[in-house]
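What follows is one structure encoded as structure tokens, with my remarks underneath.
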Amino acid sequence: MPFPCQIVQGSGNIVFVYEFASANRIVRMSDHEQPPIDSWMGWSNGHWEGDTLVIEVTGLNDETWLDRAGNYHSRALKVTERYTKLSDGLMQYEATLEDPEVYSRPWQISMPLYRRAEENAQLLEFKCVPFAEQLLYGR
């Protein structure tokens, strides 16, 4: 998605705030627990490996797709994310997806994440309206 996010780190947990659908998630940096229920964003437990933030996400429901092509996953999906700061305005993002019920082996994605550099950058509220293109442009 082309929408930005904001990462807020305090003295304890880390919060990711997303512009898309006004979503957010808490990364529990201590008191790691198993997810109480499956959910859209799953349950995130994190730790540091040197300068890399490592987040293990479990407890994802099976009602989401991984892309617009319809690639799916089961409730057994585990995503291990790695955020590594490369410079003041650049992080490397890597995610390893493991789902033995759907995929024969783990697979990985990676991409750079760039910091917004403009002064007073802020997240705006974006609500996805179903069939918005048809409402705006017709068939």
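Just so we're on the same page: first chain in the structure tokens is A, next is B, and so on; residues restart at 1 for each chain, and ligands are numbered from 1 in the order they show up.
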
List as a PyMOL selection string the protein and nucleic acid residues near range 77-80 of chain A, meaning an atom at most 8 Å away when only C-alpha atoms are counted, but skip any in the same chain fewer than 5 places from it. chain A and resi 54-60+95-100

Please produce, as CSV, a per-residue contact table for range 27-108 of chain A versus range 114-124 of chain A (criterion: any atom at most 9 Å away, only C-alpha atoms considered), showing the nearest atom pair and its distance in Å to one decimal, sorted by chain then residue number.
```
residue,atom,partner,partner_atom,distance
A:Asp88,CA,A:Arg115,CA,8.0
A:Gly89,CA,A:Arg115,CA,4.8
A:Leu90,CA,A:Tyr114,CA,4.8
A:Met91,CA,A:Tyr114,CA,6.5
A:Gln92,CA,A:Tyr114,CA,8.8
```

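The residues of chain A that DSSP classifies as alpha helix (DSSP H), using the backbone of this structure, are Ala132, Glu133, Gln134, Leu135, Leu136 and Tyr137 of chain A.
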
Cut-off 8 Å: closest range 61-131 of chain A/range 38-50 of chain A atom pairs per residue, using only C-alpha atoms, as a tab-separated table:
```
residue	atom	partner	partner_atom	distance
A:Asn61	CA	A:Asp38	CA	4.9
A:Glu63	CA	A:Trp40	CA	7.6
A:Thr64	CA	A:Trp40	CA	7.3
A:Arg75	CA	A:Asp38	CA	7.7
```

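Checking A:Ala69, A:Pro106, A:Thr52, A:Gly12 one by one against Tyr93 in chain A, counting only C-alpha atoms, you find the shortest gap at A:Thr52.
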
Strand (DSSP E or B) positions in chain A, given as a PyMOL selection string: chain A and resi 5-9+14-18+20+24-28+39+43-49+52-58+60+65+72+78-87+90-98+107-114+126

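The two atoms in question, CA of Leu66 in chain A and CA of Glu81 in chain A, are spaced 14.9 Å apart.
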
Expressed in Å to a single decimal, how great is the separation between CA of Phe20 in chain A and CA of Leu113 in chain A? 16.3 Å

Distance in Å - CA of Trp65 in chain A versus CA of Leu135 in chain A: 24.2 Å

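For the set A:Asp51, A:Arg25, A:Arg68, A:Ile14, the residue with the smallest atom-to-atom gap to Tyr83 in chain A is A:Asp51, counting only C-alpha atoms.
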
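In this comparison, which uses only C-alpha atoms, the residue of A:Val102, A:Ser22, A:Gln134, A:Ser87 approaching Asp62 in chain A most closely is A:Val102.
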
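Minimum atom-to-atom distances from A:Asp67, A:Cys128, A:Asn13, A:Glu101 to Ser30 in chain A were compared using only C-alpha atoms, and the lowest value belongs to A:Asn13.
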